[in-house]
Amino acid sequence: MSSRYETIDRLCGLCYEQKDNSALKARISDEVVSTINSMTSPDGKLPELERNADRFHGGLMSRFRSEMPGLKENDYLLMLFSTLGFSMAAITLLLKEDKIEAVYNRKSRLKSRIKRRNPPHVDDFLKAIT
């Protein structure tokens, strides 16, 4: 599954690692930003990504949204991109965070919320987000 998104993962990683190199960033920035915006937009690729996660992971995203209502959209996106196998650098860009530490912190808080609520598929959710 993660091989389907290998290109965007590599580009996000490269962009994140080289964010201070303005020449490199200028060459790939427009395409990456456009793709990122599409991937996180309900009018873009987001519904397709969720369908793929559901299809290849036994309905995980539908169950997660149903069993964990009221989370911030970035928590749902974090679960989605983790499930699809994106790297933390890619997830950082996709969530439009400045620092990777913010995503690690969000991931830790989300794991705690999942454990605290103890939904029916808690083990599936925790496995997907690790």
# chains A, B, ... in the order shown; residues from 1 in each chain; ligands from 1
>>> residues_around(residues="Asp54 in chain A", least_positions_apart="3", cutoff="12 Å", atoms="only C-alpha atoms", output="list in words")
Met1, Pro47, Glu48, Leu49, Glu50, Arg51, His57, Gly58, Gly59, Leu60, Met61, Ser62, Arg63, Phe64, Arg65, Met79, Leu80, Thr83, Leu84 and Ala128 of chain A
>>> write_last_selection(atoms="N, CA, C and O atoms", output="PDB file, in the first residue's frame")
ATOM      1  N   MET A   1       0.821  -1.194   0.000  1.00  0.00           N
ATOM      2  CA  MET A   1       0.000   0.000   0.000  1.00  0.00           C
ATOM      3  C   MET A   1       0.864   1.257   0.000  1.00  0.00           C
ATOM      4  O   MET A   1       0.607   2.182  -0.732  1.00  0.00           O
ATOM      5  N   PRO A  47     -10.910  11.876  -0.015  1.00  0.00           N
ATOM      6  CA  PRO A  47     -11.870  10.754  -0.006  1.00  0.00           C
ATOM      7  C   PRO A  47     -11.297   9.473  -0.631  1.00  0.00           C
ATOM      8  O   PRO A  47     -11.537   8.372  -0.125  1.00  0.00           O
ATOM      9  N   GLU A  48     -10.524   9.623  -1.697  1.00  0.00           N
ATOM     10  CA  GLU A  48      -9.903   8.459  -2.338  1.00  0.00           C
ATOM     11  C   GLU A  48      -8.895   7.794  -1.402  1.00  0.00           C
ATOM     12  O   GLU A  48      -8.841   6.559  -1.305  1.00  0.00           O
ATOM     13  N   LEU A  49      -8.107   8.596  -0.696  1.00  0.00           N
ATOM     14  CA  LEU A  49      -7.137   8.042   0.241  1.00  0.00           C
ATOM     15  C   LEU A  49      -7.845   7.275   1.354  1.00  0.00           C
ATOM     16  O   LEU A  49      -7.406   6.190   1.748  1.00  0.00           O
ATOM     17  N   GLU A  50      -8.938   7.829   1.860  1.00  0.00           N
ATOM     18  CA  GLU A  50      -9.681   7.142   2.917  1.00  0.00           C
ATOM     19  C   GLU A  50     -10.305   5.846   2.396  1.00  0.00           C
ATOM     20  O   GLU A  50     -10.314   4.837   3.098  1.00  0.00           O
ATOM     21  N   ARG A  51     -10.818   5.878   1.179  1.00  0.00           N
ATOM     22  CA  ARG A  51     -11.369   4.648   0.589  1.00  0.00           C
ATOM     23  C   ARG A  51     -10.281   3.581   0.457  1.00  0.00           C
ATOM     24  O   ARG A  51     -10.514   2.397   0.731  1.00  0.00           O
ATOM     25  N   HIS A  57      -7.290  -2.011   4.558  1.00  0.00           N
ATOM     26  CA  HIS A  57      -7.104  -2.209   6.001  1.00  0.00           C
ATOM     27  C   HIS A  57      -8.434  -2.488   6.693  1.00  0.00           C
ATOM     28  O   HIS A  57      -8.666  -2.047   7.824  1.00  0.00           O
ATOM     29  N   GLY A  58      -9.312  -3.207   6.015  1.00  0.00           N
ATOM     30  CA  GLY A  58     -10.535  -3.693   6.624  1.00  0.00           C
ATOM     31  C   GLY A  58     -11.461  -2.636   7.190  1.00  0.00           C
ATOM     32  O   GLY A  58     -12.038  -2.838   8.257  1.00  0.00           O
ATOM     33  N   GLY A  59     -11.599  -1.503   6.498  1.00  0.00           N
ATOM     34  CA  GLY A  59     -12.522  -0.457   6.957  1.00  0.00           C
ATOM     35  C   GLY A  59     -11.989   0.370   8.110  1.00  0.00           C
ATOM     36  O   GLY A  59     -12.764   1.015   8.829  1.00  0.00           O
ATOM     37  N   LEU A  60     -10.685   0.391   8.285  1.00  0.00           N
ATOM     38  CA  LEU A  60     -10.075   1.045   9.443  1.00  0.00           C
ATOM     39  C   LEU A  60     -10.476   2.508   9.596  1.00  0.00           C
ATOM     40  O   LEU A  60     -10.865   2.939  10.684  1.00  0.00           O
ATOM     41  N   MET A  61     -10.403   3.282   8.533  1.00  0.00           N
ATOM     42  CA  MET A  61     -10.699   4.713   8.668  1.00  0.00           C
ATOM     43  C   MET A  61     -12.167   4.960   8.978  1.00  0.00           C
ATOM     44  O   MET A  61     -12.490   5.827   9.791  1.00  0.00           O
ATOM     45  N   SER A  62     -13.058   4.223   8.362  1.00  0.00           N
ATOM     46  CA  SER A  62     -14.485   4.377   8.674  1.00  0.00           C
ATOM     47  C   SER A  62     -14.752   4.027  10.130  1.00  0.00           C
ATOM     48  O   SER A  62     -15.484   4.737  10.833  1.00  0.00           O
ATOM     49  N   ARG A  63     -14.149   2.935  10.583  1.00  0.00           N
ATOM     50  CA  ARG A  63     -14.313   2.546  11.986  1.00  0.00           C
ATOM     51  C   ARG A  63     -13.706   3.591  12.918  1.00  0.00           C
ATOM     52  O   ARG A  63     -14.291   3.926  13.950  1.00  0.00           O
ATOM     53  N   PHE A  64     -12.530   4.118  12.544  1.00  0.00           N
ATOM     54  CA  PHE A  64     -11.869   5.102  13.390  1.00  0.00           C
ATOM     55  C   PHE A  64     -12.721   6.363  13.519  1.00  0.00           C
ATOM     56  O   PHE A  64     -12.921   6.876  14.615  1.00  0.00           O
ATOM     57  N   ARG A  65     -13.228   6.856  12.408  1.00  0.00           N
ATOM     58  CA  ARG A  65     -14.083   8.056  12.465  1.00  0.00           C
ATOM     59  C   ARG A  65     -15.355   7.781  13.276  1.00  0.00           C
ATOM     60  O   ARG A  65     -15.813   8.645  14.018  1.00  0.00           O
ATOM     61  N   MET A  79      -4.000   9.617  11.522  1.00  0.00           N
ATOM     62  CA  MET A  79      -4.315   8.183  11.457  1.00  0.00           C
ATOM     63  C   MET A  79      -4.289   7.695  10.010  1.00  0.00           C
ATOM     64  O   MET A  79      -3.713   6.648   9.707  1.00  0.00           O
ATOM     65  N   LEU A  80      -4.886   8.461   9.110  1.00  0.00           N
ATOM     66  CA  LEU A  80      -4.933   8.078   7.704  1.00  0.00           C
ATOM     67  C   LEU A  80      -3.530   7.937   7.128  1.00  0.00           C
ATOM     68  O   LEU A  80      -3.189   6.904   6.540  1.00  0.00           O
ATOM     69  N   THR A  83      -1.623   5.054   8.580  1.00  0.00           N
ATOM     70  CA  THR A  83      -2.147   3.802   8.037  1.00  0.00           C
ATOM     71  C   THR A  83      -1.610   3.535   6.637  1.00  0.00           C
ATOM     72  O   THR A  83      -1.300   2.401   6.285  1.00  0.00           O
ATOM     73  N   LEU A  84      -1.480   4.596   5.848  1.00  0.00           N
ATOM     74  CA  LEU A  84      -1.005   4.454   4.473  1.00  0.00           C
ATOM     75  C   LEU A  84       0.513   4.318   4.382  1.00  0.00           C
ATOM     76  O   LEU A  84       1.054   4.115   3.298  1.00  0.00           O
ATOM     77  N   ALA A 128      -2.141   0.654  13.765  1.00  0.00           N
ATOM     78  CA  ALA A 128      -2.059   1.484  12.558  1.00  0.00           C
ATOM     79  C   ALA A 128      -1.267   2.765  12.791  1.00  0.00           C
ATOM     80  O   ALA A 128      -0.612   3.261  11.883  1.00  0.00           O
TER      81      ALA A 128
END
>>> closest_residue(among="A:Gly44, A:Pro119, A:Gly85, A:Gly70", to="Ile8 in chain A", atoms="only C-alpha atoms")
A:Gly85
>>> residues_around(residues="Arg113 in chain A", least_positions_apart="6", cutoff="12 Å", atoms="only C-alpha atoms", output="PyMOL selection string")
chain A and resi 67-72+75+106-107+119+122+125-126
>>> write_last_selection(atoms="all heavy atoms", output="JSON list (two decimals), in the first residue's frame")
[["chain", "number", "residue", "atom", "x", "y", "z"],
["A", 67, "GLU", "N", -15.84, 5.33, 15.69],
["A", 67, "GLU", "CA", -15.58, 4.99, 17.09],
["A", 67, "GLU", "C", -14.84, 6.07, 17.86],
["A", 67, "GLU", "O", -14.78, 6.02, 19.09],
["A", 67, "GLU", "CB", -14.79, 3.68, 17.16],
["A", 67, "GLU", "CG", -15.57, 2.49, 16.64],
["A", 67, "GLU", "CD", -14.76, 1.21, 16.60],
["A", 67, "GLU", "OE1", -13.78, 1.09, 17.38],
["A", 67, "GLU", "OE2", -15.11, 0.31, 15.81],
["A", 68, "MET", "N", -14.27, 7.04, 17.15],
["A", 68, "MET", "CA", -13.52, 8.12, 17.80],
["A", 68, "MET", "C", -14.06, 9.48, 17.32],
["A", 68, "MET", "O", -13.33, 10.28, 16.72],
["A", 68, "MET", "CB", -12.03, 7.99, 17.47],
["A", 68, "MET", "CG", -11.35, 6.74, 18.00],
["A", 68, "MET", "SD", -11.21, 6.68, 19.80],
["A", 68, "MET", "CE", -10.10, 8.04, 20.11],
["A", 69, "PRO", "N", -15.34, 9.77, 17.58],
["A", 69, "PRO", "CA", -15.91, 11.04, 17.11],
["A", 69, "PRO", "C", -15.35, 12.22, 17.91],
["A", 69, "PRO", "O", -14.85, 12.05, 19.02],
["A", 69, "PRO", "CB", -17.41, 10.87, 17.38],
["A", 69, "PRO", "CG", -17.46, 9.94, 18.56],
["A", 69, "PRO", "CD", -16.31, 8.99, 18.35],
["A", 70, "GLY", "N", -15.42, 13.39, 17.28],
["A", 70, "GLY", "CA", -15.06, 14.62, 17.99],
["A", 70, "GLY", "C", -13.59, 14.96, 18.01],
["A", 70, "GLY", "O", -13.19, 15.92, 18.67],
["A", 71, "LEU", "N", -12.76, 14.21, 17.30],
["A", 71, "LEU", "CA", -11.34, 14.54, 17.24],
["A", 71, "LEU", "C", -11.13, 15.69, 16.26],
["A", 71, "LEU", "O", -11.98, 15.97, 15.42],
["A", 71, "LEU", "CB", -10.53, 13.33, 16.77],
["A", 71, "LEU", "CG", -10.54, 12.08, 17.66],
["A", 71, "LEU", "CD1", -9.76, 10.97, 17.00],
["A", 71, "LEU", "CD2", -9.98, 12.40, 19.04],
["A", 72, "LYS", "N", -9.97, 16.31, 16.35],
["A", 72, "LYS", "CA", -9.62, 17.33, 15.36],
["A", 72, "LYS", "C", -9.33, 16.64, 14.03],
["A", 72, "LYS", "O", -8.89, 15.49, 14.00],
["A", 72, "LYS", "CB", -8.38, 18.10, 15.82],
["A", 72, "LYS", "CG", -8.64, 18.94, 17.05],
["A", 72, "LYS", "CD", -7.42, 19.70, 17.46],
["A", 72, "LYS", "CE", -7.75, 20.54, 18.68],
["A", 72, "LYS", "NZ", -6.59, 21.30, 19.15],
["A", 75, "ASP", "N", -6.10, 14.92, 13.61],
["A", 75, "ASP", "CA", -5.96, 13.60, 14.23],
["A", 75, "ASP", "C", -6.42, 12.51, 13.27],
["A", 75, "ASP", "O", -5.78, 11.46, 13.16],
["A", 75, "ASP", "CB", -6.77, 13.53, 15.53],
["A", 75, "ASP", "CG", -6.17, 14.39, 16.64],
["A", 75, "ASP", "OD1", -4.92, 14.55, 16.66],
["A", 75, "ASP", "OD2", -6.94, 14.91, 17.46],
["A", 106, "ARG", "N", 1.46, 15.08, 18.68],
["A", 106, "ARG", "CA", 0.08, 14.79, 18.31],
["A", 106, "ARG", "C", -0.15, 13.28, 18.30],
["A", 106, "ARG", "O", -1.17, 12.79, 18.77],
["A", 106, "ARG", "CB", -0.26, 15.39, 16.94],
["A", 106, "ARG", "CG", -1.68, 15.06, 16.47],
["A", 106, "ARG", "CD", -2.03, 15.75, 15.18],
["A", 106, "ARG", "NE", -2.12, 17.19, 15.30],
["A", 106, "ARG", "CZ", -3.17, 17.84, 15.81],
["A", 106, "ARG", "NH1", -4.23, 17.17, 16.22],
["A", 106, "ARG", "NH2", -3.17, 19.15, 15.87],
["A", 107, "LYS", "N", 0.80, 12.55, 17.76],
["A", 107, "LYS", "CA", 0.69, 11.09, 17.70],
["A", 107, "LYS", "C", 0.61, 10.50, 19.11],
["A", 107, "LYS", "O", -0.22, 9.62, 19.38],
["A", 107, "LYS", "CB", 1.90, 10.53, 16.94],
["A", 107, "LYS", "CG", 1.85, 9.06, 16.67],
["A", 107, "LYS", "CD", 3.07, 8.68, 15.83],
["A", 107, "LYS", "CE", 3.03, 7.25, 15.40],
["A", 107, "LYS", "NZ", 4.15, 6.89, 14.54],
["A", 119, "PRO", "N", -12.07, 2.13, 22.41],
["A", 119, "PRO", "CA", -13.11, 1.74, 21.45],
["A", 119, "PRO", "C", -13.00, 0.26, 21.10],
["A", 119, "PRO", "O", -11.99, -0.39, 21.41],
["A", 119, "PRO", "CB", -12.80, 2.61, 20.22],
["A", 119, "PRO", "CG", -11.34, 2.88, 20.32],
["A", 119, "PRO", "CD", -11.03, 2.94, 21.79],
["A", 122, "VAL", "N", -9.66, -0.90, 19.41],
["A", 122, "VAL", "CA", -8.51, -0.18, 19.97],
["A", 122, "VAL", "C", -7.18, -0.76, 19.46],
["A", 122, "VAL", "O", -6.28, 0.00, 19.10],
["A", 122, "VAL", "CB", -8.56, -0.16, 21.52],
["A", 122, "VAL", "CG1", -8.51, -1.55, 22.11],
["A", 122, "VAL", "CG2", -7.47, 0.72, 22.10],
["A", 125, "PHE", "N", -6.43, 0.27, 15.88],
["A", 125, "PHE", "CA", -6.08, 1.69, 15.79],
["A", 125, "PHE", "C", -4.65, 1.93, 16.27],
["A", 125, "PHE", "O", -3.88, 2.66, 15.63],
["A", 125, "PHE", "CB", -7.05, 2.56, 16.58],
["A", 125, "PHE", "CG", -8.48, 2.46, 16.12],
["A", 125, "PHE", "CD1", -9.52, 2.71, 16.99],
["A", 125, "PHE", "CD2", -8.80, 2.11, 14.80],
["A", 125, "PHE", "CE1", -10.85, 2.63, 16.58],
["A", 125, "PHE", "CE2", -10.12, 2.02, 14.38],
["A", 125, "PHE", "CZ", -11.14, 2.28, 15.27],
["A", 126, "LEU", "N", -4.30, 1.34, 17.39],
["A", 126, "LEU", "CA", -2.95, 1.54, 17.94],
["A", 126, "LEU", "C", -1.90, 0.93, 17.02],
["A", 126, "LEU", "O", -0.82, 1.51, 16.84],
["A", 126, "LEU", "CB", -2.86, 0.95, 19.34],
["A", 126, "LEU", "CG", -3.66, 1.68, 20.41],
["A", 126, "LEU", "CD1", -3.62, 0.94, 21.72],
["A", 126, "LEU", "CD2", -3.18, 3.12, 20.57]]
>>> select_by_dssp(residues="chain A", states="helix (DSSP H, G or I)", output="short mmCIF file (atom, residue, chain, number, x, y, z; two decimals) with N, CA and C atoms, in the first residue's frame")
data_model
loop_
_atom_site.label_atom_id
_atom_site.label_comp_id
_atom_site.auth_asym_id
_atom_site.auth_seq_id
_atom_site.Cartn_x
_atom_site.Cartn_y
_atom_site.Cartn_z
N SER A 2 1.90 1.27 0.83
CA SER A 2 2.72 2.48 0.93
C SER A 2 3.46 2.77 -0.38
N SER A 3 3.68 1.75 -1.22
CA SER A 3 4.37 1.98 -2.49
C SER A 3 3.54 2.86 -3.43
N ARG A 4 2.21 2.87 -3.25
CA ARG A 4 1.35 3.70 -4.09
C ARG A 4 1.63 5.19 -3.86
N TYR A 5 2.15 5.52 -2.68
CA TYR A 5 2.36 6.92 -2.33
C TYR A 5 3.85 7.23 -2.15
N GLU A 6 4.68 6.36 -2.70
CA GLU A 6 6.12 6.50 -2.54
C GLU A 6 6.64 7.83 -3.09
N THR A 7 6.14 8.26 -4.23
CA THR A 7 6.63 9.49 -4.85
C THR A 7 6.35 10.69 -3.98
N ILE A 8 5.11 10.82 -3.52
CA ILE A 8 4.80 11.97 -2.67
C ILE A 8 5.55 11.88 -1.36
N ASP A 9 5.74 10.69 -0.85
CA ASP A 9 6.49 10.52 0.38
C ASP A 9 7.92 10.99 0.20
N ARG A 10 8.56 10.59 -0.90
CA ARG A 10 9.93 11.02 -1.18
C ARG A 10 10.02 12.52 -1.36
N LEU A 11 9.09 13.10 -2.12
CA LEU A 11 9.10 14.54 -2.34
C LEU A 11 8.90 15.32 -1.05
N CYS A 12 7.98 14.86 -0.23
CA CYS A 12 7.75 15.52 1.06
C CYS A 12 9.00 15.43 1.93
N GLY A 13 9.61 14.27 1.97
CA GLY A 13 10.83 14.10 2.75
C GLY A 13 11.94 15.00 2.26
N LEU A 14 12.12 15.05 0.96
CA LEU A 14 13.14 15.91 0.38
C LEU A 14 12.87 17.37 0.68
N CYS A 15 11.65 17.78 0.52
CA CYS A 15 11.27 19.16 0.78
C CYS A 15 11.48 19.50 2.26
N TYR A 16 11.12 18.58 3.15
CA TYR A 16 11.29 18.82 4.57
C TYR A 16 12.77 18.92 4.93
N GLU A 17 13.58 18.00 4.43
CA GLU A 17 15.01 17.98 4.74
C GLU A 17 15.74 19.18 4.15
N SER A 22 16.59 27.30 -0.76
CA SER A 22 15.51 27.93 -1.51
C SER A 22 15.51 27.57 -2.99
N ALA A 23 16.67 27.29 -3.59
CA ALA A 23 16.70 26.92 -5.00
C ALA A 23 16.01 25.58 -5.22
N LEU A 24 16.32 24.60 -4.39
CA LEU A 24 15.69 23.29 -4.51
C LEU A 24 14.20 23.39 -4.19
N LYS A 25 13.90 24.09 -3.15
CA LYS A 25 12.50 24.21 -2.74
C LYS A 25 11.68 24.91 -3.82
N ALA A 26 12.24 25.89 -4.47
CA ALA A 26 11.51 26.61 -5.52
C ALA A 26 11.15 25.70 -6.69
N ARG A 27 12.04 24.76 -7.02
CA ARG A 27 11.79 23.87 -8.15
C ARG A 27 10.67 22.88 -7.89
N ILE A 28 10.55 22.40 -6.68
CA ILE A 28 9.55 21.38 -6.41
C ILE A 28 8.37 21.87 -5.58
N SER A 29 8.49 23.04 -5.07
CA SER A 29 7.50 23.55 -4.12
C SER A 29 6.08 23.62 -4.67
N ASP A 30 5.92 24.20 -5.85
CA ASP A 30 4.57 24.37 -6.39
C ASP A 30 3.85 23.04 -6.56
N GLU A 31 4.55 22.07 -7.12
CA GLU A 31 3.93 20.76 -7.35
C GLU A 31 3.62 20.05 -6.03
N VAL A 32 4.55 20.11 -5.11
CA VAL A 32 4.34 19.46 -3.82
C VAL A 32 3.20 20.12 -3.07
N VAL A 33 3.18 21.44 -3.04
CA VAL A 33 2.12 22.15 -2.33
C VAL A 33 0.76 21.85 -2.95
N SER A 34 0.70 21.82 -4.25
CA SER A 34 -0.55 21.49 -4.92
C SER A 34 -1.01 20.07 -4.58
N THR A 35 -0.09 19.14 -4.60
CA THR A 35 -0.42 17.75 -4.27
C THR A 35 -0.82 17.62 -2.80
N ILE A 36 -0.10 18.28 -1.92
CA ILE A 36 -0.42 18.24 -0.49
C ILE A 36 -1.82 18.80 -0.25
N ASN A 37 -2.09 19.93 -0.85
CA ASN A 37 -3.42 20.53 -0.68
C ASN A 37 -4.51 19.60 -1.19
N SER A 38 -4.25 18.94 -2.30
CA SER A 38 -5.22 18.00 -2.85
C SER A 38 -5.42 16.81 -1.92
N MET A 39 -4.33 16.34 -1.31
CA MET A 39 -4.41 15.15 -0.47
C MET A 39 -5.09 15.40 0.86
N LEU A 46 -8.48 13.39 -0.74
CA LEU A 46 -8.72 12.84 0.59
C LEU A 46 -9.75 11.71 0.61
N PRO A 47 -10.91 11.88 -0.01
CA PRO A 47 -11.87 10.75 -0.01
C PRO A 47 -11.30 9.47 -0.63
N GLU A 48 -10.52 9.62 -1.70
CA GLU A 48 -9.90 8.46 -2.34
C GLU A 48 -8.89 7.79 -1.40
N LEU A 49 -8.11 8.60 -0.70
CA LEU A 49 -7.14 8.04 0.24
C LEU A 49 -7.85 7.27 1.35
N GLU A 50 -8.94 7.83 1.86
CA GLU A 50 -9.68 7.14 2.92
C GLU A 50 -10.30 5.85 2.40
N ARG A 51 -10.82 5.88 1.18
CA ARG A 51 -11.37 4.65 0.59
C ARG A 51 -10.28 3.58 0.46
N ASN A 52 -9.10 3.99 0.02
CA ASN A 52 -7.98 3.05 -0.11
C ASN A 52 -7.60 2.47 1.25
N ALA A 53 -7.53 3.33 2.26
CA ALA A 53 -7.20 2.84 3.61
C ALA A 53 -8.26 1.86 4.09
N ASP A 54 -9.52 2.16 3.81
CA ASP A 54 -10.60 1.25 4.19
C ASP A 54 -10.50 -0.08 3.43
N ARG A 55 -10.26 0.01 2.15
CA ARG A 55 -10.22 -1.19 1.30
C ARG A 55 -9.06 -2.10 1.69
N PHE A 56 -7.90 -1.54 1.95
CA PHE A 56 -6.72 -2.37 2.21
C PHE A 56 -6.50 -2.66 3.70
N LEU A 60 -10.68 0.39 8.28
CA LEU A 60 -10.07 1.05 9.44
C LEU A 60 -10.48 2.51 9.60
N MET A 61 -10.40 3.28 8.53
CA MET A 61 -10.70 4.71 8.67
C MET A 61 -12.17 4.96 8.98
N SER A 62 -13.06 4.22 8.36
CA SER A 62 -14.49 4.38 8.67
C SER A 62 -14.75 4.03 10.13
N ARG A 63 -14.15 2.94 10.58
CA ARG A 63 -14.31 2.55 11.99
C ARG A 63 -13.71 3.59 12.92
N PHE A 64 -12.53 4.12 12.54
CA PHE A 64 -11.87 5.10 13.39
C PHE A 64 -12.72 6.36 13.52
N ARG A 65 -13.23 6.86 12.41
CA ARG A 65 -14.08 8.06 12.47
C ARG A 65 -15.36 7.78 13.28
N SER A 66 -15.90 6.59 13.14
CA SER A 66 -17.14 6.24 13.85
C SER A 66 -16.90 6.04 15.35
N GLU A 67 -15.84 5.33 15.69
CA GLU A 67 -15.58 4.99 17.09
C GLU A 67 -14.84 6.07 17.86
N GLU A 73 -9.58 17.35 12.96
CA GLU A 73 -9.37 16.77 11.63
C GLU A 73 -7.92 16.30 11.46
N ASN A 74 -6.96 17.02 12.02
CA ASN A 74 -5.57 16.60 11.90
C ASN A 74 -5.30 15.26 12.60
N ASP A 75 -6.10 14.92 13.61
CA ASP A 75 -5.96 13.60 14.23
C ASP A 75 -6.42 12.51 13.27
N TYR A 76 -7.52 12.76 12.58
CA TYR A 76 -7.99 11.79 11.58
C TYR A 76 -6.98 11.68 10.44
N LEU A 77 -6.42 12.81 10.02
CA LEU A 77 -5.43 12.79 8.95
C LEU A 77 -4.17 12.05 9.40
N LEU A 78 -3.76 12.27 10.64
CA LEU A 78 -2.59 11.56 11.16
C LEU A 78 -2.82 10.05 11.11
N MET A 79 -4.00 9.62 11.52
CA MET A 79 -4.32 8.18 11.46
C MET A 79 -4.29 7.69 10.01
N LEU A 80 -4.89 8.46 9.11
CA LEU A 80 -4.93 8.08 7.70
C LEU A 80 -3.53 7.94 7.13
N PHE A 81 -2.71 8.96 7.28
CA PHE A 81 -1.38 8.94 6.67
C PHE A 81 -0.47 7.91 7.34
N SER A 82 -0.66 7.67 8.62
CA SER A 82 0.10 6.60 9.29
C SER A 82 -0.32 5.24 8.74
N THR A 83 -1.62 5.05 8.58
CA THR A 83 -2.15 3.80 8.04
C THR A 83 -1.61 3.53 6.64
N MET A 88 7.19 10.23 8.87
CA MET A 88 6.86 11.36 9.75
C MET A 88 7.18 12.70 9.06
N ALA A 89 8.22 12.74 8.24
CA ALA A 89 8.53 13.98 7.51
C ALA A 89 7.40 14.32 6.55
N ALA A 90 6.89 13.32 5.84
CA ALA A 90 5.78 13.55 4.91
C ALA A 90 4.52 13.97 5.66
N ILE A 91 4.24 13.30 6.77
CA ILE A 91 3.06 13.64 7.56
C ILE A 91 3.16 15.07 8.09
N THR A 92 4.35 15.46 8.47
CA THR A 92 4.57 16.83 8.96
C THR A 92 4.16 17.84 7.90
N LEU A 93 4.57 17.61 6.67
CA LEU A 93 4.18 18.52 5.58
C LEU A 93 2.69 18.42 5.26
N LEU A 94 2.17 17.22 5.23
CA LEU A 94 0.76 17.04 4.90
C LEU A 94 -0.16 17.69 5.94
N ILE A 100 8.56 18.64 13.07
CA ILE A 100 8.22 17.22 13.16
C ILE A 100 7.85 16.83 14.59
N GLU A 101 8.42 17.55 15.57
CA GLU A 101 8.12 17.27 16.97
C GLU A 101 6.63 17.47 17.26
N ALA A 102 6.00 18.42 16.58
CA ALA A 102 4.57 18.67 16.78
C ALA A 102 3.76 17.44 16.36
N VAL A 103 4.20 16.76 15.32
CA VAL A 103 3.50 15.56 14.86
C VAL A 103 3.75 14.40 15.82
N TYR A 104 4.97 14.27 16.30
CA TYR A 104 5.25 13.23 17.30
C TYR A 104 4.39 13.45 18.54
N ASN A 105 4.26 14.71 18.96
CA ASN A 105 3.43 15.03 20.13
C ASN A 105 1.96 14.72 19.86
N ARG A 106 1.46 15.08 18.68
CA ARG A 106 0.08 14.79 18.31
C ARG A 106 -0.15 13.28 18.30
N LYS A 107 0.80 12.55 17.76
CA LYS A 107 0.69 11.09 17.70
C LYS A 107 0.61 10.50 19.11
N SER A 108 1.43 10.99 20.00
CA SER A 108 1.42 10.51 21.37
C SER A 108 0.09 10.83 22.06
N ARG A 109 -0.42 12.03 21.88
CA ARG A 109 -1.71 12.41 22.47
C ARG A 109 -2.84 11.57 21.88
N LEU A 110 -2.79 11.31 20.58
CA LEU A 110 -3.82 10.51 19.94
C LEU A 110 -3.81 9.08 20.47
N LYS A 111 -2.63 8.50 20.64
CA LYS A 111 -2.54 7.16 21.22
C LYS A 111 -3.17 7.14 22.62
N SER A 112 -2.88 8.17 23.40
CA SER A 112 -3.45 8.26 24.76
C SER A 112 -4.97 8.35 24.71
N ARG A 113 -5.50 9.15 23.80
CA ARG A 113 -6.96 9.27 23.66
C ARG A 113 -7.59 7.94 23.26
N ILE A 114 -6.95 7.25 22.33
CA ILE A 114 -7.47 5.95 21.89
C ILE A 114 -7.50 4.99 23.08
N LYS A 115 -6.43 4.93 23.83
CA LYS A 115 -6.38 4.03 24.99
C LYS A 115 -7.42 4.43 26.04
N ARG A 116 -7.57 5.71 26.27
CA ARG A 116 -8.52 6.21 27.27
C ARG A 116 -9.96 5.87 26.90
N ARG A 117 -10.32 6.07 25.64
CA ARG A 117 -11.69 5.79 25.18
C ARG A 117 -11.96 4.30 25.02
N VAL A 122 -9.66 -0.90 19.41
CA VAL A 122 -8.51 -0.18 19.97
C VAL A 122 -7.18 -0.76 19.46
N ASP A 123 -7.06 -2.07 19.43
CA ASP A 123 -5.79 -2.68 19.01
C ASP A 123 -5.47 -2.37 17.56
N ASP A 124 -6.49 -2.40 16.70
CA ASP A 124 -6.28 -2.07 15.28
C ASP A 124 -5.81 -0.62 15.12
N PHE A 125 -6.43 0.27 15.88
CA PHE A 125 -6.08 1.69 15.79
C PHE A 125 -4.65 1.93 16.27
N LEU A 126 -4.30 1.34 17.39
CA LEU A 126 -2.95 1.54 17.94
C LEU A 126 -1.90 0.93 17.02
N LYS A 127 -2.21 -0.21 16.42
CA LYS A 127 -1.27 -0.84 15.49
C LYS A 127 -1.07 0.05 14.26
N ALA A 128 -2.14 0.65 13.76
CA ALA A 128 -2.06 1.48 12.56
C ALA A 128 -1.27 2.76 12.79
N ILE A 129 -1.33 3.29 13.99
CA ILE A 129 -0.67 4.59 14.23
C ILE A 129 0.77 4.45 14.71
#
